[in-house]
>>> print(open('query-v2.cif').read())   # mmCIF, C-alpha atoms
data_coords
loop_
_atom_site.label_atom_id
_atom_site.label_comp_id
_atom_site.auth_asym_id
_atom_site.auth_seq_id
_atom_site.Cartn_x
_atom_site.Cartn_y
_atom_site.Cartn_z
CA MET B 1368 83.37 152.92 122.92
CA LYS B 1369 86.02 154.70 124.99
CA SER B 1370 89.77 154.14 125.23
CA GLN B 1371 89.16 152.89 128.77
CA ASP B 1372 87.28 149.91 127.33
CA LEU B 1373 90.16 148.26 125.46
CA SER B 1374 93.93 147.90 125.74
CA ILE B 1375 96.37 146.38 123.27
CA ILE B 1376 98.90 144.01 124.85
CA ILE B 1377 102.08 143.18 122.92
CA TYR B 1378 103.90 140.07 124.13
CA SER B 1379 107.65 140.10 123.52
CA CYS B 1380 111.06 139.49 125.05
CA TRP B 1381 114.40 141.30 125.22
CA ARG B 1382 115.87 138.94 122.63
CA ASN B 1383 113.27 140.20 120.13
CA ARG B 1384 113.86 143.89 120.81
CA ASP B 1385 114.89 144.39 117.17
CA MET B 1386 111.20 144.03 116.33
CA TRP B 1387 110.05 146.91 118.56
CA ASP B 1388 111.18 149.70 116.25
CA ILE B 1389 109.79 147.96 113.17
CA PHE B 1390 106.49 147.31 114.95
CA SER B 1391 106.30 150.94 116.11
CA THR B 1392 107.12 152.40 112.69
CA LEU B 1393 104.37 150.45 110.95
CA PHE B 1394 101.89 151.01 113.77
CA ARG B 1395 102.37 154.78 113.62
CA LYS B 1396 101.93 154.77 109.85
CA TYR B 1397 98.82 152.63 109.68
CA TRP B 1398 97.09 153.44 112.98
CA SER B 1399 98.33 156.87 113.97
CA ASP B 1400 95.10 157.81 115.77
CA CYS B 1401 94.80 154.62 117.83
CA PRO B 1402 92.82 155.65 120.95
CA TYR B 1403 93.76 152.59 122.99
CA PRO B 1404 96.69 152.14 125.40
CA ILE B 1405 99.47 149.95 123.99
CA LEU B 1406 101.23 147.85 126.61
CA LEU B 1407 104.47 145.98 125.94
CA VAL B 1408 105.02 143.02 128.26
CA THR B 1409 108.56 141.63 128.16
CA ASP B 1410 110.97 139.67 130.31
CA GLU B 1411 113.46 142.54 130.27
CA TYR B 1412 113.54 146.16 129.18
CA GLN B 1413 116.34 148.71 129.14
CA GLN B 1414 116.01 152.33 128.16
CA MET B 1415 116.99 152.83 124.53
CA ASP B 1416 117.40 155.83 122.24
CA LYS B 1417 114.51 154.84 120.00
CA GLN B 1418 110.98 156.12 120.59
CA TYR B 1419 108.51 153.25 120.57
CA VAL B 1420 104.75 153.36 120.24
CA PHE B 1421 104.17 151.68 123.61
CA THR B 1422 102.39 153.74 126.25
CA GLN B 1423 103.48 151.41 129.05
CA VAL B 1424 106.17 148.74 129.48
CA ILE B 1425 105.65 145.85 131.90
CA GLN B 1426 108.65 143.74 132.89
CA LYS B 1427 107.97 140.22 134.11
CA ASN B 1428 110.26 137.27 133.48
CA ASP B 1429 107.81 134.40 133.76
CA THR B 1430 105.54 132.12 131.75
CA TRP B 1431 103.49 133.52 128.88
CA ALA B 1432 100.28 133.13 130.88
CA LYS B 1433 101.60 134.93 133.96
CA MET B 1434 102.98 137.74 131.81
CA ILE B 1435 99.67 138.18 130.00
CA LYS B 1436 97.72 138.12 133.26
CA GLU B 1437 100.02 140.74 134.77
CA ALA B 1438 99.52 142.97 131.72
CA ILE B 1439 95.73 142.56 131.92
CA GLN B 1440 95.73 143.49 135.58
CA GLN B 1441 97.79 146.59 134.91
CA ALA B 1442 95.73 147.56 131.86
CA LYS B 1443 92.56 147.70 133.96
CA THR B 1444 90.27 147.61 130.93
CA PRO B 1445 87.35 145.20 130.49
CA TYR B 1446 88.67 144.08 127.11
CA VAL B 1447 92.15 143.49 125.72
CA SER B 1448 93.63 142.64 122.34
CA LEU B 1449 96.55 140.21 122.48
CA TRP B 1450 99.35 140.62 119.94
CA MET B 1451 102.81 139.22 119.32
CA ASP B 1452 105.74 141.54 118.56
CA ASP B 1453 105.87 140.35 114.93
CA TYR B 1454 102.24 141.18 114.15
CA LEU B 1455 102.94 144.02 111.73
CA LEU B 1456 100.27 146.36 110.41
CA CYS B 1457 100.18 146.45 106.61
CA ASP B 1458 97.24 148.75 105.89
CA ALA B 1459 95.21 151.50 107.52
CA VAL B 1460 93.16 150.64 110.60
CA GLN B 1461 89.92 152.57 111.08
CA ASN B 1462 88.82 153.14 114.67
CA SER B 1463 85.21 152.69 113.62
CA ASP B 1464 85.95 149.11 112.50
CA ILE B 1465 87.48 148.22 115.86
CA GLU B 1466 84.67 149.93 117.75
CA LYS B 1467 82.13 147.92 115.75
CA GLN B 1468 83.75 144.63 116.75
CA LEU B 1469 84.15 145.75 120.36
CA LYS B 1470 80.45 146.59 120.55
CA ARG B 1471 79.67 143.13 119.17
CA ALA B 1472 81.81 141.53 121.86
CA VAL B 1473 80.08 143.53 124.58
CA LYS B 1474 76.58 142.85 123.27
CA ALA B 1475 77.21 139.10 122.97
CA ASN B 1476 79.18 138.90 126.23
CA ALA B 1477 81.77 137.12 124.11
CA ALA B 1478 84.89 135.54 125.54
CA ASN B 1479 86.63 136.52 122.31
CA ILE B 1480 85.86 137.95 118.91
CA ARG B 1481 88.59 137.16 116.40
CA LEU B 1482 89.36 139.73 113.72
CA ILE B 1483 90.56 137.21 111.17
CA GLU B 1484 88.96 133.85 110.35
CA SER B 1485 91.74 131.39 111.06
CA PRO B 1486 91.01 128.52 111.05
CA LYS B 1487 87.61 128.33 109.37
CA CYS B 1488 84.82 128.85 111.88
CA TYR B 1489 82.16 126.26 112.72
CA GLY B 1490 79.19 128.26 111.43
CA HIS B 1491 77.18 131.45 111.75
CA TRP B 1492 76.42 132.65 115.25
CA LYS B 1493 72.68 132.92 115.85
CA ASN B 1494 72.13 133.01 112.09
CA GLN B 1495 74.06 136.26 111.73
CA ARG B 1496 75.93 135.99 108.43
CA ASN B 1497 78.58 138.54 109.47
CA ILE B 1498 79.52 136.77 112.71
CA GLY B 1499 80.90 133.25 112.98
CA TYR B 1500 81.65 131.12 116.01
CA TYR B 1501 83.98 128.38 117.19
CA LYS B 1502 82.96 125.33 119.19
CA ARG B 1503 84.76 124.77 122.46
CA GLY B 1504 87.02 121.77 122.37
CA GLU B 1505 87.80 122.24 118.67
CA ALA B 1506 91.26 122.95 117.26
CA TYR B 1507 92.35 126.56 117.70
CA SER B 1508 89.03 127.61 119.22
CA LEU B 1509 91.41 129.49 121.50
CA ASN B 1510 94.27 131.17 119.67
CA THR B 1511 96.53 134.20 119.59
CA GLN B 1512 95.39 135.68 116.28
CA VAL B 1513 94.48 139.34 116.65
CA GLY B 1514 91.12 139.67 118.35
CA ILE B 1515 89.30 141.22 121.28
CA TRP B 1516 89.20 139.30 124.57
CA ASN B 1517 87.09 139.68 127.67
CA SER B 1518 89.69 140.44 130.35
CA ASP B 1519 87.86 138.62 133.14
CA TYR B 1520 87.55 135.55 130.93
CA LEU B 1521 91.30 135.41 130.33
CA LEU B 1522 92.17 136.01 133.99
CA ARG B 1523 89.80 133.24 134.98
CA THR B 1524 90.83 130.79 132.26
CA LEU B 1525 94.60 131.10 131.80
CA LYS B 1526 96.61 128.62 133.85
CA ASP B 1527 99.84 130.04 135.19
CA GLU B 1528 102.02 127.36 133.64
CA TRP B 1529 100.71 127.79 130.09
CA SER B 1530 102.79 128.96 127.16
CA ALA B 1531 101.11 130.48 124.10
CA TRP B 1532 101.63 127.05 122.51
CA ASP B 1533 99.71 125.40 125.37
CA PHE B 1534 96.90 127.94 125.03
CA GLU B 1535 96.43 127.36 121.30
CA ARG B 1536 97.19 123.69 120.88
CA ILE B 1537 96.32 122.01 124.16
CA ALA B 1538 93.78 124.20 125.92
CA SER B 1539 91.71 124.74 122.76
CA LEU B 1540 91.03 120.98 122.53
CA ASP B 1541 90.05 120.70 126.20
CA LYS B 1542 86.31 121.25 126.61
CA THR B 1543 86.69 121.60 130.38
CA VAL B 1544 89.19 124.49 130.27
CA ASP B 1545 86.57 127.22 130.26
CA LYS B 1546 83.54 125.32 131.51
CA THR B 1547 82.49 128.34 133.59
CA ALA B 1548 82.02 130.37 130.40
CA GLU B 1549 79.22 128.47 128.67
CA ASN B 1550 77.35 131.72 128.02
CA GLN B 1551 80.42 133.48 126.61
CA PRO B 1552 80.73 132.56 122.91
CA ILE B 1553 83.96 132.50 120.94
CA LEU B 1554 83.21 134.58 117.87
CA VAL B 1555 84.87 135.77 114.66
CA ALA B 1556 84.08 138.74 112.43
CA LEU B 1557 83.25 137.56 108.93
CA ASP B 1558 82.81 141.04 107.49
CA TYR B 1559 86.21 142.41 108.49
CA ILE B 1560 89.83 141.27 108.21
CA PHE B 1561 92.35 143.02 110.42
CA PRO B 1562 95.21 144.29 108.20
CA TYR B 1563 98.36 142.72 109.56
CA GLU B 1564 101.07 140.31 108.51
CA GLU B 1565 102.83 137.74 110.63
CA GLY B 1566 106.37 138.97 110.02
CA VAL B 1567 108.56 136.37 111.70
CA ARG B 1568 108.39 132.69 112.49
CA LYS B 1569 111.00 130.59 114.29
CA GLY B 1570 113.47 133.45 114.26
CA LYS B 1571 113.33 134.04 110.50
CA TRP B 1572 111.62 136.67 108.42
CA MET B 1573 108.66 135.32 106.50
CA GLN B 1574 108.81 136.61 102.95
CA GLN B 1575 105.67 138.72 103.28
CA GLY B 1576 107.12 140.38 106.39
CA ALA B 1577 110.38 141.21 104.63
CA LYS B 1578 108.48 142.60 101.62
CA LEU B 1579 106.31 144.72 103.92
CA CYS B 1580 109.40 146.26 105.48
CA LYS B 1581 111.01 146.92 102.10
CA ARG B 1582 107.81 148.53 100.84
CA ASN B 1583 107.88 150.90 103.80
CA GLY B 1584 111.57 151.77 103.57
CA ILE B 1585 112.50 149.75 106.66
CA THR B 1586 115.93 148.12 106.54
CA ILE B 1587 116.12 144.69 108.16
CA ASP B 1588 119.29 142.98 109.30
CA THR B 1589 119.26 139.59 107.60
CA LYS B 1590 122.31 138.57 109.60
CA VAL B 1591 120.20 138.77 112.74
CA ARG B 1592 117.11 137.29 111.08
CA PRO B 1593 117.53 135.62 107.69
CA ILE B 1594 114.65 135.59 105.23
CA MET B 1595 112.93 132.26 104.71
CA THR B 1596 113.65 130.42 101.49
CA ASN B 1597 110.92 129.52 99.00
CA MET B 1598 111.08 125.96 100.29
CA GLU B 1599 110.55 127.05 103.89
CA MET B 1600 107.61 129.21 102.85
CA ALA B 1601 106.14 126.36 100.82
CA LYS B 1602 106.29 124.16 103.90
CA ILE B 1603 104.33 126.76 105.89
CA PHE B 1604 101.67 127.05 103.16
CA PHE B 1605 101.41 123.26 102.98
CA GLN B 1606 100.96 123.02 106.74
CA GLY B 1607 98.25 125.68 106.54
CA ALA B 1608 96.42 123.74 103.82
CA VAL B 1609 96.56 120.55 105.87
CA LEU B 1610 95.28 122.44 108.89
CA ASP B 1611 92.31 123.73 106.89
CA TRP B 1612 91.59 120.18 105.76
CA ASN B 1613 91.32 118.70 109.28
CA ALA B 1614 92.48 120.99 112.05
CA ASN B 1615 91.47 118.67 114.88
CA LEU B 1616 93.43 115.71 113.51
CA VAL B 1617 96.51 117.81 112.80
CA LEU B 1618 96.50 119.37 116.24
CA LYS B 1619 96.06 116.03 118.00
CA VAL B 1620 99.01 114.57 116.07
CA GLN B 1621 101.15 117.64 116.86
CA ASN B 1622 100.30 117.37 120.55
CA MET B 1623 101.09 113.67 120.55
CA LEU B 1624 104.48 114.24 118.93
CA ALA B 1625 105.28 117.10 121.29
CA HIS B 1626 104.36 114.94 124.27
CA GLY B 1627 106.67 112.22 122.97
CA LYS B 1628 109.56 114.67 122.78
CA ARG B 1629 108.93 115.84 126.34
CA VAL B 1630 108.85 112.26 127.62
CA LYS B 1631 112.22 111.55 126.00
#
>>> encode(input="query-v2.cif", output="structure tokens")
Amino acid sequence: MKSQDLSIIIYSCWRNRDMWDIFSTLFRKYWSDCPYPILLVTDEYQQMDKQYVFTQVIQKNDTWAKMIKEAIQQAKTPYVSLWMDDYLLCDAVQNSDIEKQLKRAVKANAANIRLIESPKCYGHWKNQRNIGYYKRGEAYSLNTQVGIWNSDYLLRTLKDEWSAWDFERIASLDKTVDKTAENQPILVALDYIFPYEEGVRKGKWMQQGAKLCKRNGITIDTKVRPIMTNMEMAKIFFQGAVLDWNANLVLKVQNMLAHGKRVK
């Protein structure tokens, strides 16, 4: 595959600009020969002294969906990989591994091929033991974990008003959201795990993110972002275990509670 086939889109905001240098440092270390354009899409950007890994910066102060769609249109590649600014590389990325998954996506005309199995997939796609699939209308069948997306699919499917939360937790349960894409499966690689850590959640460093930075000699400002306590981390692990137990039930309850808050 060629670099013109895939772009990496990093979603962020000016408030999270402290993550850009950390992201760039780890990206350069673990994927120094990345052949793909890296686009930062953010609500605001001002020139800073630091040299980031981004090859292009897109400024658009709008909804998540509109910002992603703008980045896709400017990327002009048939496939994109959607990231958040706190998705931090933690081990070496081999271009051959990414090319292998990209070829799979092209061959299958996939809407998406996820590079980490989260949540557990529904089964093996066409009896291929190394490729799983998700059923449309199931919890997190659409999500923002690192993966490779068909650009046309996203442009056609994303509704302008959606947040990333809407995309993962509401749209994924709606079987009619992408009804025009019946022949575009949602896949997951079962023979490869993309080496990254989710570094931050709800404005705080997750412990694995803080340890990753320390291991790489990166100093973090815990006054800006405190590190989660053991209790906070335990809560996250518990939520993950419950999600694995019955993702559909959990997501429906979360959506119901969120709707109740909005009504109030």
>>> closest_atom_pairs(input="query-v2.cif", of="region 1403-1456 of chain B", to="region 1526-1549 of chain B", cutoff="8 Å", atoms="only C-alpha atoms", output="Markdown table")
| residue | atom | partner | partner_atom | distance |
| --- | --- | --- | --- | --- |
| B:Thr1430 | CA | B:Ser1530 | CA | 6.2 |
| B:Trp1431 | CA | B:Ser1530 | CA | 4.9 |
| B:Ala1432 | CA | B:Asp1527 | CA | 5.3 |
| B:Lys1433 | CA | B:Asp1527 | CA | 5.3 |
>>> resolve_selection(input="query-v2.cif", expression="the PyMOL selection byres ((chain B and resi 1577) around 10)", output="list in words")
Gly1566, Val1567, Lys1571, Trp1572, Met1573, Gln1574, Gln1575, Gly1576, Lys1578, Leu1579, Cys1580, Lys1581, Arg1582, Ile1585, Thr1586, Ile1587, Thr1589, Pro1593, Ile1594 and Met1595 of chain B
>>> resolve_selection(input="query-v2.cif", expression="the PyMOL selection byres ((chain B and resi 1389) around 9)", output="list in words")
Asp1385, Met1386, Trp1387, Asp1388, Phe1390, Ser1391, Thr1392, Leu1393, Phe1394, Asp1453, Leu1455, Cys1580, Ile1585 and Ile1587 of chain B
>>> residues_near_point(input="query-v2.cif", point="(82.1, 131.2, 126.3)", cutoff="12 Å", atoms="only C-alpha atoms", output="number ranges by chain")
B: 1472, 1475-1480, 1500-1504, 1508-1509, 1516-1517, 1519-1521, 1523-1524, 1542-1554
>>> resolve_selection(input="query-v2.cif", expression="the PyMOL selection byres ((chain B and resi 1421) around 10)", output="list in words")
Ile1375, Ile1376, Ile1377, Trp1387, Phe1390, Ser1391, Pro1404, Ile1405, Leu1406, Leu1407, Val1408, Gln1418, Tyr1419, Val1420, Thr1422, Gln1423 and Val1424 of chain B
>>> build_atoms(input="query-v2.cif", residues="region 1554-1585 of chain B", atoms="N, CA and C atoms", output="PDB file, in the frame of the given file")
ATOM      1  N   LEU B1554      83.724 134.095 119.141  1.00  0.00           N
ATOM      2  CA  LEU B1554      83.210 134.580 117.870  1.00  0.00           C
ATOM      3  C   LEU B1554      84.324 134.996 116.905  1.00  0.00           C
ATOM      4  N   VAL B1555      83.931 135.253 115.666  1.00  0.00           N
ATOM      5  CA  VAL B1555      84.870 135.770 114.660  1.00  0.00           C
ATOM      6  C   VAL B1555      84.100 136.688 113.719  1.00  0.00           C
ATOM      7  N   ALA B1556      84.682 137.822 113.403  1.00  0.00           N
ATOM      8  CA  ALA B1556      84.080 138.740 112.430  1.00  0.00           C
ATOM      9  C   ALA B1556      84.273 138.190 111.033  1.00  0.00           C
ATOM     10  N   LEU B1557      83.183 138.056 110.299  1.00  0.00           N
ATOM     11  CA  LEU B1557      83.250 137.560 108.930  1.00  0.00           C
ATOM     12  C   LEU B1557      83.154 138.680 107.909  1.00  0.00           C
ATOM     13  N   ASP B1558      82.925 139.892 108.389  1.00  0.00           N
ATOM     14  CA  ASP B1558      82.810 141.040 107.490  1.00  0.00           C
ATOM     15  C   ASP B1558      83.985 142.005 107.630  1.00  0.00           C
ATOM     16  N   TYR B1559      85.049 141.540 108.287  1.00  0.00           N
ATOM     17  CA  TYR B1559      86.210 142.410 108.490  1.00  0.00           C
ATOM     18  C   TYR B1559      87.453 141.547 108.662  1.00  0.00           C
ATOM     19  N   ILE B1560      88.540 141.956 108.040  1.00  0.00           N
ATOM     20  CA  ILE B1560      89.830 141.270 108.210  1.00  0.00           C
ATOM     21  C   ILE B1560      90.840 142.297 108.699  1.00  0.00           C
ATOM     22  N   PHE B1561      91.392 142.076 109.862  1.00  0.00           N
ATOM     23  CA  PHE B1561      92.350 143.020 110.420  1.00  0.00           C
ATOM     24  C   PHE B1561      93.609 143.028 109.578  1.00  0.00           C
ATOM     25  N   PRO B1562      94.098 144.208 109.166  1.00  0.00           N
ATOM     26  CA  PRO B1562      95.210 144.290 108.200  1.00  0.00           C
ATOM     27  C   PRO B1562      96.591 144.150 108.822  1.00  0.00           C
ATOM     28  N   TYR B1563      97.013 142.922 109.034  1.00  0.00           N
ATOM     29  CA  TYR B1563      98.360 142.720 109.560  1.00  0.00           C
ATOM     30  C   TYR B1563      98.984 141.490 108.920  1.00  0.00           C
ATOM     31  N   GLU B1564     100.304 141.455 108.988  1.00  0.00           N
ATOM     32  CA  GLU B1564     101.070 140.310 108.510  1.00  0.00           C
ATOM     33  C   GLU B1564     101.841 139.704 109.671  1.00  0.00           C
ATOM     34  N   GLU B1565     101.909 138.398 109.710  1.00  0.00           N
ATOM     35  CA  GLU B1565     102.830 137.740 110.630  1.00  0.00           C
ATOM     36  C   GLU B1565     104.215 137.871 110.009  1.00  0.00           C
ATOM     37  N   GLY B1566     105.098 138.643 110.638  1.00  0.00           N
ATOM     38  CA  GLY B1566     106.370 138.970 110.020  1.00  0.00           C
ATOM     39  C   GLY B1566     107.453 137.942 110.193  1.00  0.00           C
ATOM     40  N   VAL B1567     107.454 137.264 111.344  1.00  0.00           N
ATOM     41  CA  VAL B1567     108.560 136.370 111.700  1.00  0.00           C
ATOM     42  C   VAL B1567     108.022 135.051 112.221  1.00  0.00           C
ATOM     43  N   ARG B1568     108.722 133.991 111.899  1.00  0.00           N
ATOM     44  CA  ARG B1568     108.390 132.690 112.490  1.00  0.00           C
ATOM     45  C   ARG B1568     109.688 131.910 112.713  1.00  0.00           C
ATOM     46  N   LYS B1569     109.816 131.375 113.906  1.00  0.00           N
ATOM     47  CA  LYS B1569     111.000 130.590 114.290  1.00  0.00           C
ATOM     48  C   LYS B1569     112.296 131.352 114.033  1.00  0.00           C
ATOM     49  N   GLY B1570     112.263 132.646 114.343  1.00  0.00           N
ATOM     50  CA  GLY B1570     113.470 133.450 114.260  1.00  0.00           C
ATOM     51  C   GLY B1570     113.857 133.925 112.875  1.00  0.00           C
ATOM     52  N   LYS B1571     113.031 133.619 111.870  1.00  0.00           N
ATOM     53  CA  LYS B1571     113.330 134.040 110.500  1.00  0.00           C
ATOM     54  C   LYS B1571     112.214 134.925 109.954  1.00  0.00           C
ATOM     55  N   TRP B1572     112.612 135.851 109.088  1.00  0.00           N
ATOM     56  CA  TRP B1572     111.620 136.670 108.420  1.00  0.00           C
ATOM     57  C   TRP B1572     110.818 135.829 107.440  1.00  0.00           C
ATOM     58  N   MET B1573     109.494 135.881 107.550  1.00  0.00           N
ATOM     59  CA  MET B1573     108.660 135.320 106.500  1.00  0.00           C
ATOM     60  C   MET B1573     108.737 136.290 105.319  1.00  0.00           C
ATOM     61  N   GLN B1574     108.592 135.770 104.120  1.00  0.00           N
ATOM     62  CA  GLN B1574     108.810 136.610 102.950  1.00  0.00           C
ATOM     63  C   GLN B1574     107.864 137.794 102.882  1.00  0.00           C
ATOM     64  N   GLN B1575     106.609 137.597 103.322  1.00  0.00           N
ATOM     65  CA  GLN B1575     105.670 138.720 103.280  1.00  0.00           C
ATOM     66  C   GLN B1575     106.056 139.802 104.282  1.00  0.00           C
ATOM     67  N   GLY B1576     106.667 139.405 105.406  1.00  0.00           N
ATOM     68  CA  GLY B1576     107.120 140.380 106.390  1.00  0.00           C
ATOM     69  C   GLY B1576     108.294 141.197 105.863  1.00  0.00           C
ATOM     70  N   ALA B1577     109.218 140.522 105.199  1.00  0.00           N
ATOM     71  CA  ALA B1577     110.380 141.210 104.630  1.00  0.00           C
ATOM     72  C   ALA B1577     109.941 142.175 103.520  1.00  0.00           C
ATOM     73  N   LYS B1578     108.982 141.747 102.698  1.00  0.00           N
ATOM     74  CA  LYS B1578     108.480 142.600 101.620  1.00  0.00           C
ATOM     75  C   LYS B1578     107.751 143.820 102.180  1.00  0.00           C
ATOM     76  N   LEU B1579     107.018 143.614 103.274  1.00  0.00           N
ATOM     77  CA  LEU B1579     106.310 144.720 103.920  1.00  0.00           C
ATOM     78  C   LEU B1579     107.300 145.779 104.400  1.00  0.00           C
ATOM     79  N   CYS B1580     108.382 145.330 105.009  1.00  0.00           N
ATOM     80  CA  CYS B1580     109.400 146.260 105.480  1.00  0.00           C
ATOM     81  C   CYS B1580     110.037 147.010 104.310  1.00  0.00           C
ATOM     82  N   LYS B1581     110.386 146.295 103.269  1.00  0.00           N
ATOM     83  CA  LYS B1581     111.010 146.920 102.100  1.00  0.00           C
ATOM     84  C   LYS B1581     110.081 147.965 101.482  1.00  0.00           C
ATOM     85  N   ARG B1582     108.795 147.627 101.420  1.00  0.00           N
ATOM     86  CA  ARG B1582     107.810 148.530 100.840  1.00  0.00           C
ATOM     87  C   ARG B1582     107.683 149.823 101.629  1.00  0.00           C
ATOM     88  N   ASN B1583     108.002 149.740 102.919  1.00  0.00           N
ATOM     89  CA  ASN B1583     107.880 150.900 103.800  1.00  0.00           C
ATOM     90  C   ASN B1583     109.228 151.529 104.139  1.00  0.00           C
ATOM     91  N   GLY B1584     110.261 151.160 103.386  1.00  0.00           N
ATOM     92  CA  GLY B1584     111.570 151.770 103.570  1.00  0.00           C
ATOM     93  C   GLY B1584     112.255 151.381 104.868  1.00  0.00           C
ATOM     94  N   ILE B1585     111.903 150.228 105.409  1.00  0.00           N
ATOM     95  CA  ILE B1585     112.500 149.750 106.660  1.00  0.00           C
ATOM     96  C   ILE B1585     113.601 148.752 106.326  1.00  0.00           C
TER      97      ILE B1585
END
